[in-house]
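Asker: First the structure, then my questions, so here it is.
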Amino acid sequence: MRAMAVVVLTLAALLVGAPARAATEVPWFGTNPGNLKMFRYTPSGLPSGRPVVVALHGCTQDASYGTNSGWTELAQRWGFTVVMPQQQAINNGNRCFNWFQSADTTRGWGEAESIAQMTRKALSDAGTRRAHVTGLSAGGGMTSVMLAAYPELFAAGGIVAGIPYGCAVTLYEAFSCMNPGKNLTPAQWGAKVRAASGHTGPWPVVGVWHGTADTTVAPANLREIVEQWTNVHGVPATPTSTDTVNGYPHARYGSAVETYTITGMGHGQPVDPGAAAGQCGRAAAYVLDVGVCAAWHMAAAWGIAG
């Protein structure tokens, strides 16, 4: 334990003293069948073996989502790599990830495979096998895709204002999945995940964040995502514990799934700008200062906080 503490303290000292660097584009990471761009933020002096976080932006956003949501400042603070895939307008006019098209959500195909290739590239360069994925809105929908189609790549995921995996296969279906949402049984949702990869476990743990005043992606999607992933993990879709975090309801479903219900928040990513414990991010379009930073709590839950 003493040796581990020395390593952690040494890492923290190195990172605090290291100058921050900007995210850079990685021009080659594989065959890129989804025609996406890869941006990456790596703190200066980062030792080998530190984790990777993949941060997926929402519609009309770009790779700067990784900074606005707080992930790059946490990477600098605690020492890990952030991969920021970026959609291109030629693929989707609103720069949404195509979480609803089977050509982009099937394992080995399209955008999902591009993101998997970025993840493998980052893992190889970082000298680690430990990756996590998170995203907002369309990025949340694509987070569901990555957790289902590539569960062996990700230890955990954070879905913010997102959609359950397999909810839609066409654009028309996508709108009804967003609002009012699709109501399936936990077994039906879980079967979609199990059919996506042939993986038999262990499965990624999942955190779900949603605002109660979200009229773009209905809050009912939080319930459906919980039903999907509790079924995959084989645990009941009823909380085993509840409390509040920064005044907002928080529930756990064993050690497999947790939810944060942000009362009064519309469609967006929760942030809490500042440098104190629990704070991160900066307000921007669909990045909302509501006094709690989702990225900070995800990193803490995933065990990558310094």
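Residue numbers start at 1 in each chain; chains themselves are named A, B, ... in the order of the structure tokens; ligands are numbered from 1 in the order shown.
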Please list as a list in words every residue within 12 Å of Asp243 in chain A, counting only C-alpha atoms and excluding residues in the same chain fewer than 3 positions away.
Answerer: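 Contacts, in chain order: Pro239, Thr240, Asn246, Gly247, Tyr248, Pro249, His250, Ala251, Arg252, Glu258, Thr259, Tyr260 and Thr261 of chain A.
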Asker: So which residues of range 260-299 of chain A fall under strand (DSSP E or B) by DSSP, listed as a list in words?
Answerer: Tyr260, Thr261, Ile262, Gln269, Pro270, Val271, Asp272, Cys280, Ala284, Val287, Leu288 and Asp289 of chain A
Asker: May I have the residues from that selection written out with C-alpha atoms, as a compact mmCIF listing (two decimals), in the first residue's frame?
Answerer:
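Wrote it out as out02.txt, contents follow:
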# COMPACT_ATOMS: atom_id res chain seq x y z
CA TYR A 260 -28.22 10.45 -11.74
CA THR A 261 -31.51 12.28 -12.25
CA ILE A 262 -30.83 16.01 -12.68
CA GLN A 269 -24.25 17.63 -20.19
CA PRO A 270 -24.10 18.55 -16.49
CA VAL A 271 -21.02 20.54 -15.43
CA ASP A 272 -19.89 22.49 -12.40
CA CYS A 280 -15.04 20.44 -13.75
CA ALA A 284 -21.42 25.93 -23.58
CA VAL A 287 -23.22 21.83 -21.67
CA LEU A 288 -25.13 23.11 -18.65
CA ASP A 289 -23.85 24.52 -15.37
Asker: Which residues are close to Arg107 in chain A, i.e. within 8 Å by only C-alpha atoms, leaving aside same-chain residues fewer than 2 positions away? Reply as a list in words.
Answerer: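 Listing them by chain and then by number gives Thr105, Trp109, Ala112, Glu113, Ala149, Tyr150, Ala196 and Ser197 of chain A.
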Asker: Please produce a file of those selected residues containing N, CA, C and O atoms, as a PDB file, in the first residue's frame.
Answerer:
ATOM      1  N   THR A 105     -23.778   0.991 -36.657  1.00  0.00           N
ATOM      2  CA  THR A 105     -23.893   0.506 -35.276  1.00  0.00           C
ATOM      3  C   THR A 105     -23.593  -0.981 -35.140  1.00  0.00           C
ATOM      4  O   THR A 105     -23.579  -1.506 -34.025  1.00  0.00           O
ATOM      5  N   TRP A 109     -18.483  -2.469 -38.467  1.00  0.00           N
ATOM      6  CA  TRP A 109     -18.977  -1.630 -39.550  1.00  0.00           C
ATOM      7  C   TRP A 109     -18.947  -0.149 -39.161  1.00  0.00           C
ATOM      8  O   TRP A 109     -19.075   0.229 -38.002  1.00  0.00           O
ATOM      9  N   ALA A 112     -19.158   2.886 -35.747  1.00  0.00           N
ATOM     10  CA  ALA A 112     -18.811   2.122 -34.556  1.00  0.00           C
ATOM     11  C   ALA A 112     -17.418   1.510 -34.687  1.00  0.00           C
ATOM     12  O   ALA A 112     -16.610   1.558 -33.750  1.00  0.00           O
ATOM     13  N   GLU A 113     -17.111   0.967 -35.844  1.00  0.00           N
ATOM     14  CA  GLU A 113     -15.781   0.379 -36.046  1.00  0.00           C
ATOM     15  C   GLU A 113     -14.706   1.459 -36.059  1.00  0.00           C
ATOM     16  O   GLU A 113     -13.593   1.238 -35.547  1.00  0.00           O
ATOM     17  N   ALA A 149     -21.733  -3.329 -28.733  1.00  0.00           N
ATOM     18  CA  ALA A 149     -21.054  -3.971 -29.857  1.00  0.00           C
ATOM     19  C   ALA A 149     -19.597  -4.309 -29.562  1.00  0.00           C
ATOM     20  O   ALA A 149     -19.041  -5.220 -30.177  1.00  0.00           O
ATOM     21  N   TYR A 150     -18.981  -3.586 -28.612  1.00  0.00           N
ATOM     22  CA  TYR A 150     -17.572  -3.811 -28.289  1.00  0.00           C
ATOM     23  C   TYR A 150     -17.371  -3.885 -26.773  1.00  0.00           C
ATOM     24  O   TYR A 150     -16.547  -3.164 -26.199  1.00  0.00           O
ATOM     25  N   ALA A 196     -25.447  -8.391 -29.983  1.00  0.00           N
ATOM     26  CA  ALA A 196     -24.632  -7.424 -30.722  1.00  0.00           C
ATOM     27  C   ALA A 196     -23.200  -7.881 -30.953  1.00  0.00           C
ATOM     28  O   ALA A 196     -22.546  -7.421 -31.895  1.00  0.00           O
ATOM     29  N   SER A 197     -22.688  -8.767 -30.100  1.00  0.00           N
ATOM     30  CA  SER A 197     -21.268  -9.113 -30.215  1.00  0.00           C
ATOM     31  C   SER A 197     -20.948 -10.580 -29.991  1.00  0.00           C
ATOM     32  O   SER A 197     -19.857 -11.026 -30.329  1.00  0.00           O
TER      33      SER A 197
END
Asker: Rank A:Val235, A:Val245, A:Ala168, A:Ala276 by their smallest atom-to-atom distance to Val292 in chain A, using only C-alpha atoms, and report the top residue only.
Answerer: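 The shortest atom-to-atom distance to Val292 in chain A comes from A:Val245.
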Asker: So, with only C-alpha atoms as the atoms that count, which of A:Gly93, A:Gly264, A:Gly30, A:Pro164 lies closest to Pro186 in chain A?
Answerer: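 Ranking A:Gly93, A:Gly264, A:Gly30, A:Pro164 by distance to Pro186 in chain A, first place goes to A:Pro164.
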Asker: A:Val52, A:Ala295, A:Leu74, A:Ala126: which is nearest Gly158 in chain A, counting only C-alpha atoms?
Answerer: A:Ala295
Asker: Applying 12 Å and only C-alpha atoms, which residues near Gly234 in chain A remain after dropping the ones on its own chain fewer than 6 positions away? List them as a short mmCIF file (atom, residue, chain, number, x, y, z; two decimals) with N, CA and C atoms, in the first residue's frame.
Answerer:
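In the end it all went to part_7.cif:
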data_model
loop_
_atom_site.label_atom_id
_atom_site.label_comp_id
_atom_site.auth_asym_id
_atom_site.auth_seq_id
_atom_site.Cartn_x
_atom_site.Cartn_y
_atom_site.Cartn_z
N PRO A 186 -37.38 -5.51 -20.02
CA PRO A 186 -35.95 -5.66 -19.77
C PRO A 186 -35.34 -6.80 -20.58
N ALA A 187 -36.07 -7.92 -20.70
CA ALA A 187 -35.54 -9.06 -21.46
C ALA A 187 -35.36 -8.71 -22.94
N GLY A 190 -32.30 -6.39 -23.12
CA GLY A 190 -31.09 -7.13 -22.86
C GLY A 190 -30.69 -8.04 -24.01
N ALA A 191 -31.68 -8.63 -24.68
CA ALA A 191 -31.40 -9.52 -25.80
C ALA A 191 -30.71 -8.77 -26.94
N ARG A 194 -27.00 -8.61 -25.98
CA ARG A 194 -26.33 -9.92 -26.06
C ARG A 194 -26.14 -10.38 -27.51
N GLY A 201 -19.43 -11.91 -21.31
CA GLY A 201 -19.05 -11.26 -20.07
C GLY A 201 -17.57 -11.40 -19.79
N PRO A 202 -17.09 -10.63 -18.82
CA PRO A 202 -17.83 -9.67 -18.01
C PRO A 202 -18.29 -8.46 -18.82
N TRP A 203 -19.36 -7.82 -18.33
CA TRP A 203 -19.97 -6.71 -19.05
C TRP A 203 -19.54 -5.38 -18.44
N VAL A 226 -31.67 1.61 -17.98
CA VAL A 226 -31.50 0.84 -16.75
C VAL A 226 -32.03 -0.58 -16.94
N GLU A 227 -33.20 -0.71 -17.54
CA GLU A 227 -33.77 -2.04 -17.76
C GLU A 227 -32.87 -2.87 -18.68
N GLN A 228 -32.29 -2.22 -19.69
CA GLN A 228 -31.43 -2.95 -20.62
C GLN A 228 -30.19 -3.50 -19.92
N TYR A 253 -27.88 0.15 -8.73
CA TYR A 253 -28.48 -1.16 -8.99
C TYR A 253 -27.36 -2.18 -8.86
N GLY A 254 -27.13 -2.61 -7.62
CA GLY A 254 -25.97 -3.43 -7.35
C GLY A 254 -24.71 -2.66 -7.70
N SER A 255 -23.73 -3.35 -8.23
CA SER A 255 -22.49 -2.69 -8.67
C SER A 255 -22.45 -2.54 -10.18
N ALA A 256 -23.60 -2.79 -10.85
CA ALA A 256 -23.62 -2.84 -12.31
C ALA A 256 -24.06 -1.53 -12.96
N VAL A 257 -25.04 -0.85 -12.38
CA VAL A 257 -25.66 0.31 -13.01
C VAL A 257 -25.91 1.36 -11.94
#
Asker: Could you write out, as a VMD selection string, all the residues of range 140-301 of chain A that DSSP marks as alpha helix (DSSP H)?
Answerer: chain A and resid 140 to 149 171 to 178 186 to 197 220 to 233 294 to 301
Asker: Please determine, counting only C-alpha atoms, which residue among A:Arg77, A:His210, A:His132, A:Arg40 has the shortest atom-to-atom distance to His267 in chain A.
Answerer: A:His210
